[in-house]
Amino acid sequence: MRFEERLAQDKELVEKALGNLFRGCTPHADLYDAMNYSLLAGGKRLRPILTLECCRLCGGTDSAALSLACAVEMIHTYSLIHDDLPCMDNDELRRGKPTCHMAYGEATAVLAGDGLLTAAFETALGAGTYLPARQVTAALEVLAAAAGPAGMVGGQALDMAGEGYALTLADVEELQKLKTGALISAAAEMGVIAAGGGEEERAAVRTYAQRLGLAFQIRDDMLDVSGDQDSLGKPIGSDANSEKTTFVTLKGLEECGRLVERLTHEAVSALGGFEEPWFLEELARSLVGRTN
Ligand code: GRG
């Protein structure tokens, strides 16, 4: 099967599972509508696809990984809703649509984010239908650490504190490792856990995902300068508007392009010990020139 075909199949599997999550829930005003509005607004589904594919890489089944895959996408979506709020980045467009607070108001958007974050852990517990409790606990440990103050939330705090200041390359790397990298890495590692993989496999996949996550972020900074609003589904120039130090302000576009290539090569190399890593290798390569 070709890469594009498998990517499309993975995406469909994820979309279907996400679409079923809140079906039939008793409406609490427009809370579930707002949650679904952002959750089902498209997006690349990179994180859940990493969970599914890293599980397959280690010989696991999709049923074992799917609840964890949904959980990581729910947390990612909550972070985007909150990141777009007026008190944070104050953005009006996300995934090509008005942001959650533009569509539902600020208070409902805050609650939609809160709802997705908490429901993510409930959803992840669904993995218990297919996996022993110790594997579910291990996956939740990884997910909670990556999403919380020692991970994504901590990275966001550093990002906001750094606005208007000249940060060093080490500062930017550290904050992006937390803000974007931690959840991407957790997504991949949970896939290995769902397949019952050991520490060696977890470490190899972590390295893959960390390199991929950094390359992904650098590409994001590049797109914020040289991308196109229609393909991105969000405005460009937001980093400059909020006076953020980024990989592009520190290194320039050309050097950033080379860095993305190098990190992608390192990501691919990390999978050398697995029998069938071709899809994850292609996935990393496909992100080098991404336009959204
Ligand atoms: C508010 C707690 C809290 C955290 C926010 C991740 C994050 C932290 C904010 C997002 C800001 C941002 C645009 C970061 C750049 C990299 C990134 C995470 C982009 C969005 O992820 P994609 O490209 O989005 O995977 P899609 O829409 O494809 O899912």
# chains A, B, ... in the order shown; residues from 1 in each chain; ligands from 1
$ residues_near_ligand --ligand "ligand 1" --cutoff "6 Å" --atoms "only C-alpha atoms and all ligand atoms" --output "list of chain:residue names"
A:Gly43, A:Lys44, A:Arg45, A:Leu46, A:Ser79, A:Leu80, A:His82, A:Asp83, A:Arg95, A:Met152, A:Val153, A:Gln156, A:Lys179, A:Thr180, A:Gln217, A:Asp220
$ write_last_selection --atoms "all heavy atoms" --output "CSV table (one decimal), in the first residue's frame"
chain,number,residue,atom,x,y,z
A,43,GLY,N,-7.8,19.2,10.5
A,43,GLY,CA,-6.5,19.1,11.1
A,43,GLY,C,-5.8,17.9,10.5
A,43,GLY,O,-6.5,17.0,10.0
A,44,LYS,N,-4.5,17.9,10.7
A,44,LYS,CA,-3.7,16.8,10.1
A,44,LYS,C,-3.9,15.4,10.8
A,44,LYS,O,-3.5,14.4,10.3
A,44,LYS,CB,-2.3,17.2,10.0
A,44,LYS,CG,-2.0,18.4,9.1
A,44,LYS,CD,-0.6,18.8,9.0
A,44,LYS,CE,-0.1,19.5,10.3
A,44,LYS,NZ,-0.8,20.8,10.6
A,45,ARG,N,-4.2,15.5,12.1
A,45,ARG,CA,-4.4,14.3,12.9
A,45,ARG,C,-3.0,13.6,13.1
A,45,ARG,O,-2.9,12.4,13.2
A,45,ARG,CB,-5.4,13.3,12.4
A,45,ARG,CG,-6.8,13.9,12.0
A,45,ARG,CD,-7.4,14.6,13.2
A,45,ARG,NE,-8.8,14.9,13.0
A,45,ARG,CZ,-9.5,15.8,13.7
A,45,ARG,NH1,-8.9,16.5,14.7
A,45,ARG,NH2,-10.8,16.0,13.5
A,46,LEU,N,-2.0,14.4,13.1
A,46,LEU,CA,-0.6,13.8,13.2
A,46,LEU,C,-0.4,13.0,14.5
A,46,LEU,O,0.1,11.9,14.4
A,46,LEU,CB,0.4,15.0,13.2
A,46,LEU,CG,1.9,14.6,13.5
A,46,LEU,CD1,2.4,13.7,12.5
A,46,LEU,CD2,2.7,15.9,13.7
A,79,SER,N,-5.8,22.4,23.6
A,79,SER,CA,-4.7,23.4,23.7
A,79,SER,C,-4.8,24.4,22.6
A,79,SER,O,-4.5,25.6,22.9
A,79,SER,CB,-3.3,22.6,23.6
A,79,SER,OG,-3.0,22.4,22.3
A,80,LEU,N,-5.3,24.0,21.5
A,80,LEU,CA,-5.5,25.0,20.4
A,80,LEU,C,-6.6,26.0,20.8
A,80,LEU,O,-6.5,27.2,20.6
A,80,LEU,CB,-5.8,24.3,19.1
A,80,LEU,CG,-4.7,23.4,18.5
A,80,LEU,CD1,-5.2,22.8,17.2
A,80,LEU,CD2,-3.4,24.1,18.3
A,82,HIS,N,-7.6,26.9,23.8
A,82,HIS,CA,-7.2,27.8,24.8
A,82,HIS,C,-6.1,28.8,24.3
A,82,HIS,O,-6.0,30.0,24.6
A,82,HIS,CB,-6.7,27.1,26.0
A,82,HIS,CG,-7.8,26.6,26.9
A,82,HIS,ND1,-7.6,26.1,28.2
A,82,HIS,CD2,-9.1,26.5,26.7
A,82,HIS,CE1,-8.8,25.7,28.7
A,82,HIS,NE2,-9.7,26.0,27.8
A,83,ASP,N,-5.2,28.3,23.4
A,83,ASP,CA,-4.2,29.1,22.8
A,83,ASP,C,-4.7,30.3,22.0
A,83,ASP,O,-4.1,31.3,21.9
A,83,ASP,CB,-3.3,28.2,21.9
A,83,ASP,CG,-2.0,29.0,21.4
A,83,ASP,OD1,-1.2,29.4,22.3
A,83,ASP,OD2,-1.9,29.1,20.2
A,95,ARG,N,-7.8,26.2,11.8
A,95,ARG,CA,-8.2,25.1,10.9
A,95,ARG,C,-9.2,25.6,9.8
A,95,ARG,O,-10.2,24.9,9.5
A,95,ARG,CB,-8.8,23.9,11.7
A,95,ARG,CG,-7.7,23.2,12.5
A,95,ARG,CD,-8.3,22.1,13.5
A,95,ARG,NE,-7.3,21.2,14.0
A,95,ARG,CZ,-7.5,20.3,14.9
A,95,ARG,NH1,-8.7,20.2,15.5
A,95,ARG,NH2,-6.5,19.6,15.4
A,152,MET,N,3.5,20.4,28.0
A,152,MET,CA,2.9,21.4,27.1
A,152,MET,C,2.4,22.7,27.9
A,152,MET,O,2.7,23.8,27.4
A,152,MET,CB,1.7,20.8,26.4
A,152,MET,CG,1.0,21.7,25.5
A,152,MET,SD,-0.4,20.9,24.7
A,152,MET,CE,-1.6,20.8,26.0
A,153,VAL,N,1.8,22.5,29.0
A,153,VAL,CA,1.3,23.7,29.7
A,153,VAL,C,2.5,24.6,30.2
A,153,VAL,O,2.5,25.8,30.1
A,153,VAL,CB,0.4,23.4,30.9
A,153,VAL,CG1,0.1,24.6,31.8
A,153,VAL,CG2,-0.9,22.8,30.4
A,156,GLN,N,3.9,26.4,27.3
A,156,GLN,CA,3.1,27.6,26.9
A,156,GLN,C,3.4,28.7,27.9
A,156,GLN,O,3.4,29.9,27.5
A,156,GLN,CB,1.6,27.2,27.0
A,156,GLN,CG,0.6,28.3,26.8
A,156,GLN,CD,0.4,28.6,25.3
A,156,GLN,OE1,1.2,28.2,24.5
A,156,GLN,NE2,-0.5,29.4,25.0
A,179,LYS,N,6.4,22.7,24.7
A,179,LYS,CA,5.1,23.2,24.2
A,179,LYS,C,4.6,22.3,23.1
A,179,LYS,O,3.4,21.9,23.0
A,179,LYS,CB,5.2,24.6,23.7
A,179,LYS,CG,3.9,25.2,23.3
A,179,LYS,CD,4.1,26.7,22.8
A,179,LYS,CE,3.4,26.9,21.5
A,179,LYS,NZ,3.5,28.2,21.0
A,180,THR,N,5.4,21.9,22.1
A,180,THR,CA,5.0,21.1,21.0
A,180,THR,C,5.5,19.7,21.0
A,180,THR,O,4.8,18.7,20.7
A,180,THR,CB,5.4,21.8,19.6
A,180,THR,OG1,5.2,23.1,19.7
A,180,THR,CG2,4.8,21.1,18.4
A,217,GLN,N,8.1,22.0,14.6
A,217,GLN,CA,8.0,23.3,15.1
A,217,GLN,C,8.7,24.3,14.3
A,217,GLN,O,8.3,25.4,14.0
A,217,GLN,CB,8.5,23.3,16.6
A,217,GLN,CG,8.4,24.7,17.2
A,217,GLN,CD,7.0,25.2,17.3
A,217,GLN,OE1,6.1,24.5,17.8
A,217,GLN,NE2,6.7,26.4,16.8
A,220,ASP,N,6.9,25.1,11.4
A,220,ASP,CA,5.7,26.0,11.8
A,220,ASP,C,6.2,27.4,11.8
A,220,ASP,O,5.5,28.3,11.4
A,220,ASP,CB,5.2,25.5,13.2
A,220,ASP,CG,3.7,25.7,13.3
A,220,ASP,OD1,3.0,24.9,12.7
A,220,ASP,OD2,3.3,26.7,13.9
$ residues_around --residues "Asp89 in chain A" --least-positions-apart "3" --cutoff "10 Å" --atoms "only C-alpha atoms" --output "JSON list (two decimals) with N, CA and C atoms, in the first residue's frame"
[["chain", "number", "residue", "atom", "x", "y", "z"],
["A", 80, "LEU", "N", -5.32, 24.03, 21.47],
["A", 80, "LEU", "CA", -5.51, 25.02, 20.40],
["A", 80, "LEU", "C", -6.63, 26.00, 20.76],
["A", 82, "HIS", "N", -7.63, 26.92, 23.76],
["A", 82, "HIS", "CA", -7.17, 27.85, 24.79],
["A", 82, "HIS", "C", -6.08, 28.78, 24.26],
["A", 83, "ASP", "N", -5.21, 28.26, 23.39],
["A", 83, "ASP", "CA", -4.16, 29.09, 22.81],
["A", 83, "ASP", "C", -4.73, 30.25, 21.99],
["A", 84, "ASP", "N", -5.90, 30.02, 21.38],
["A", 84, "ASP", "CA", -6.51, 31.05, 20.52],
["A", 84, "ASP", "C", -7.27, 32.13, 21.31],
["A", 85, "LEU", "N", -7.51, 31.90, 22.59],
["A", 85, "LEU", "CA", -8.35, 32.81, 23.38],
["A", 85, "LEU", "C", -7.76, 34.23, 23.42],
["A", 86, "PRO", "N", -8.62, 35.23, 23.60],
["A", 86, "PRO", "CA", -8.13, 36.62, 23.70],
["A", 86, "PRO", "C", -7.04, 36.80, 24.76],
["A", 92, "GLU", "N", -8.41, 34.62, 15.46],
["A", 92, "GLU", "CA", -9.80, 34.51, 15.02],
["A", 92, "GLU", "C", -10.04, 33.34, 14.07],
["A", 160, "MET", "N", 4.73, 32.43, 26.75],
["A", 160, "MET", "CA", 4.08, 33.70, 27.05],
["A", 160, "MET", "C", 5.01, 34.64, 27.82],
["A", 238, "SER", "N", 1.73, 35.84, 13.07],
["A", 238, "SER", "CA", 1.32, 36.02, 14.47],
["A", 238, "SER", "C", 2.51, 36.07, 15.42],
["A", 239, "ASP", "N", 3.61, 35.35, 15.07],
["A", 239, "ASP", "CA", 4.81, 35.39, 15.94],
["A", 239, "ASP", "C", 5.40, 36.79, 15.98],
["A", 241, "ASN", "N", 3.85, 39.58, 15.29],
["A", 241, "ASN", "CA", 2.93, 40.50, 15.96],
["A", 241, "ASN", "C", 3.05, 40.44, 17.47],
["A", 242, "SER", "N", 3.33, 39.24, 18.00],
["A", 242, "SER", "CA", 3.44, 39.15, 19.47],
["A", 242, "SER", "C", 4.91, 39.20, 19.90]]
$ residues_around --residues "Ser231 in chain A" --least-positions-apart "2" --cutoff "9 Å" --atoms "only C-alpha atoms" --output "JSON, numbers by chain"
{"A": [96, 227, 228, 229, 233, 234, 291, 292]}
$ select_by_dssp --residues "range 18-260 of chain A" --states "strand (DSSP E or B)" --output "compact mmCIF listing (two decimals) with C-alpha atoms, in the first residue's frame"
# COMPACT_ATOMS: atom_id res chain seq x y z
CA LEU A 93 -9.10 31.67 12.60
CA ARG A 94 -8.07 28.06 13.20
CA LYS A 97 -12.77 28.26 10.53
CA PRO A 98 -13.58 30.92 13.14
$ closest_residue --among "A:Val225, A:Ala270, A:Met190, A:Leu68" --to "Gly252 in chain A" --atoms "only C-alpha atoms"
A:Val225
$ select_by_dssp --residues "range 39-239 of chain A" --states "alpha helix (DSSP H)" --output "PyMOL selection string"
chain A and resi 39+46-57+62-84+100-104+106-125+133-147+152-162+169-176+182-194+199-226+229-232+238-239
$ write_last_selection --atoms "C-alpha atoms" --output "CSV table (one decimal), in the first residue's frame"
chain,number,residue,atom,x,y,z
A,39,LEU,CA,-12.5,18.5,17.5
A,46,LEU,CA,-0.6,13.8,13.2
A,47,ARG,CA,-0.6,12.9,16.9
A,48,PRO,CA,-3.3,10.1,16.8
A,49,ILE,CA,-1.7,8.8,13.6
A,50,LEU,CA,1.6,8.5,15.4
A,51,THR,CA,-0.1,6.6,18.2
A,52,LEU,CA,-1.7,4.1,15.8
A,53,GLU,CA,1.4,3.7,13.7
A,54,CYS,CA,3.8,3.3,16.6
A,55,CYS,CA,1.5,0.6,17.9
A,56,ARG,CA,1.6,-1.2,14.6
A,57,LEU,CA,5.3,-0.8,14.4
A,62,ASP,CA,-5.5,-0.7,16.2
A,63,SER,CA,-8.2,-1.5,18.8
A,64,ALA,CA,-5.5,-1.3,21.5
A,65,ALA,CA,-4.3,2.1,20.4
A,66,LEU,CA,-7.5,3.9,19.2
A,67,SER,CA,-8.7,5.3,22.6
A,68,LEU,CA,-5.2,6.6,23.3
A,69,ALA,CA,-5.0,8.1,19.9
A,70,CYS,CA,-8.3,9.9,20.4
A,71,ALA,CA,-7.2,11.1,23.8
A,72,VAL,CA,-4.1,12.8,22.5
A,73,GLU,CA,-6.0,14.5,19.7
A,74,MET,CA,-8.6,15.8,22.3
A,75,ILE,CA,-5.8,17.3,24.4
A,76,HIS,CA,-4.2,18.8,21.3
A,77,THR,CA,-7.6,20.4,20.4
A,78,TYR,CA,-8.1,21.7,23.9
A,79,SER,CA,-4.7,23.4,23.7
A,80,LEU,CA,-5.5,25.0,20.4
A,81,ILE,CA,-8.8,26.3,21.7
A,82,HIS,CA,-7.2,27.8,24.8
A,83,ASP,CA,-4.2,29.1,22.8
A,84,ASP,CA,-6.5,31.1,20.5
A,100,CYS,CA,-14.0,28.4,19.1
A,101,HIS,CA,-14.4,31.6,21.1
A,102,MET,CA,-15.4,33.5,17.9
A,103,ALA,CA,-18.1,30.9,17.2
A,104,TYR,CA,-19.3,30.2,20.8
A,106,GLU,CA,-15.2,33.1,25.4
A,107,ALA,CA,-16.7,31.4,28.4
A,108,THR,CA,-18.0,28.4,26.3
A,109,ALA,CA,-14.6,28.1,24.6
A,110,VAL,CA,-12.8,27.9,28.0
A,111,LEU,CA,-15.3,25.2,29.0
A,112,ALA,CA,-15.0,23.4,25.7
A,113,GLY,CA,-11.2,23.2,26.3
A,114,ASP,CA,-11.7,22.0,29.9
A,115,GLY,CA,-14.3,19.5,28.7
A,116,LEU,CA,-12.0,18.0,26.1
A,117,LEU,CA,-9.0,17.8,28.5
A,118,THR,CA,-10.9,15.9,31.2
A,119,ALA,CA,-12.9,13.8,28.7
A,120,ALA,CA,-9.5,12.8,27.1
A,121,PHE,CA,-8.5,10.9,30.2
A,122,GLU,CA,-11.9,9.2,30.4
A,123,THR,CA,-11.5,8.2,26.8
A,124,ALA,CA,-8.0,6.9,27.3
A,125,LEU,CA,-9.2,4.7,30.1
A,133,ALA,CA,-4.2,-2.2,33.6
A,134,ARG,CA,-0.5,-1.7,33.9
A,135,GLN,CA,-0.2,-0.8,30.2
A,136,VAL,CA,-3.1,1.7,30.5
A,137,THR,CA,-1.5,3.2,33.6
A,138,ALA,CA,1.8,3.5,31.9
A,139,ALA,CA,0.2,5.2,28.9
A,140,LEU,CA,-1.7,7.7,31.1
A,141,GLU,CA,1.4,8.5,33.0
A,142,VAL,CA,3.1,9.5,29.8
A,143,LEU,CA,0.1,11.4,28.5
A,144,ALA,CA,-0.5,13.4,31.8
A,145,ALA,CA,3.2,14.3,32.1
A,146,ALA,CA,3.4,15.5,28.5
A,147,ALA,CA,0.2,17.6,28.7
A,152,MET,CA,2.9,21.4,27.1
A,153,VAL,CA,1.3,23.7,29.7
A,154,GLY,CA,4.8,24.6,31.1
A,155,GLY,CA,6.0,25.3,27.5
A,156,GLN,CA,3.1,27.6,26.9
A,157,ALA,CA,3.9,29.5,30.2
A,158,LEU,CA,7.5,29.9,29.0
A,159,ASP,CA,6.3,31.0,25.6
A,160,MET,CA,4.1,33.7,27.0
A,161,ALA,CA,6.7,34.9,29.5
A,162,GLY,CA,9.2,35.2,26.7
A,169,LEU,CA,18.4,29.4,20.8
A,170,ALA,CA,18.6,27.2,23.9
A,171,ASP,CA,15.6,29.0,25.4
A,172,VAL,CA,13.6,28.5,22.3
A,173,GLU,CA,14.5,24.8,22.0
A,174,GLU,CA,13.6,24.2,25.6
A,175,LEU,CA,10.2,25.9,25.4
A,176,GLN,CA,9.3,24.2,22.1
A,182,ALA,CA,6.2,16.7,24.6
A,183,LEU,CA,2.7,15.8,23.3
A,184,ILE,CA,4.0,14.5,19.9
A,185,SER,CA,6.5,12.3,21.8
A,186,ALA,CA,3.8,11.1,24.2
A,187,ALA,CA,1.6,10.2,21.2
A,188,ALA,CA,4.2,8.0,19.7
A,189,GLU,CA,5.3,6.4,23.0
A,190,MET,CA,1.8,5.5,23.9
A,191,GLY,CA,1.5,3.6,20.7
A,192,VAL,CA,4.5,1.5,21.8
A,193,ILE,CA,3.0,1.0,25.2
A,194,ALA,CA,-0.3,-0.1,23.7
A,199,GLU,CA,12.0,0.3,27.1
A,200,GLU,CA,14.3,0.0,24.1
A,201,GLU,CA,11.5,0.4,21.7
A,202,ARG,CA,10.0,3.3,23.7
A,203,ALA,CA,13.4,5.1,23.7
A,204,ALA,CA,13.9,4.7,20.0
A,205,VAL,CA,10.4,6.0,19.2
A,206,ARG,CA,10.9,8.8,21.7
A,207,THR,CA,14.0,9.9,19.8
A,208,TYR,CA,12.1,9.6,16.5
A,209,ALA,CA,9.2,11.7,17.8
A,210,GLN,CA,11.4,14.3,19.5
A,211,ARG,CA,13.4,15.0,16.3
A,212,LEU,CA,10.2,15.0,14.3
A,213,GLY,CA,8.5,17.3,16.8
A,214,LEU,CA,11.4,19.8,16.7
A,215,ALA,CA,11.5,19.7,12.9
A,216,PHE,CA,7.7,20.2,12.9
A,217,GLN,CA,8.0,23.3,15.1
A,218,ILE,CA,10.7,24.8,13.1
A,219,ARG,CA,8.6,24.3,9.9
A,220,ASP,CA,5.7,26.0,11.8
A,221,ASP,CA,7.9,29.0,12.5
A,222,MET,CA,8.9,29.1,8.8
A,223,LEU,CA,5.3,28.9,7.7
A,224,ASP,CA,4.4,31.8,10.0
A,225,VAL,CA,6.7,33.9,7.9
A,226,SER,CA,6.5,32.5,4.4
A,229,GLN,CA,-3.1,31.8,5.2
A,230,ASP,CA,-5.5,29.8,3.0
A,231,SER,CA,-3.4,26.6,3.2
A,232,LEU,CA,-2.6,27.1,6.8
A,238,SER,CA,1.3,36.0,14.5
A,239,ASP,CA,4.8,35.4,15.9
$ closest_residue --among "A:Cys87, A:Gly60, A:Arg285, A:Gly257" --to "Ser269 in chain A" --atoms "only C-alpha atoms"
A:Arg285
$ atom_distance --atom1 "CA of Ser38 in chain A" --atom2 "CA of Phe22 in chain A"
12.7 Å
$ closest_residue --among "A:Val14, A:Ala195, A:Leu21, A:Leu131" --to "Gly59 in chain A" --atoms "only C-alpha atoms"
A:Ala195
$ atom_distance --atom1 "CA of Thr245 in chain A" --atom2 "CA of Tyr165 in chain A"
7.4 Å
$ atom_distance --atom1 "CA of Val248 in chain A" --atom2 "CA of Gly42 in chain A"
27.0 Å
$ closest_residue --among "A:Trp278, A:Glu12, A:Leu287, A:Glu243" --to "Thr264 in chain A" --atoms "only C-alpha atoms"
A:Leu287
$ closest_residue --among "A:Gly19, A:Gln9, A:Ala150, A:Gly289" --to "Asp33 in chain A" --atoms "only C-alpha atoms"
A:Gly19
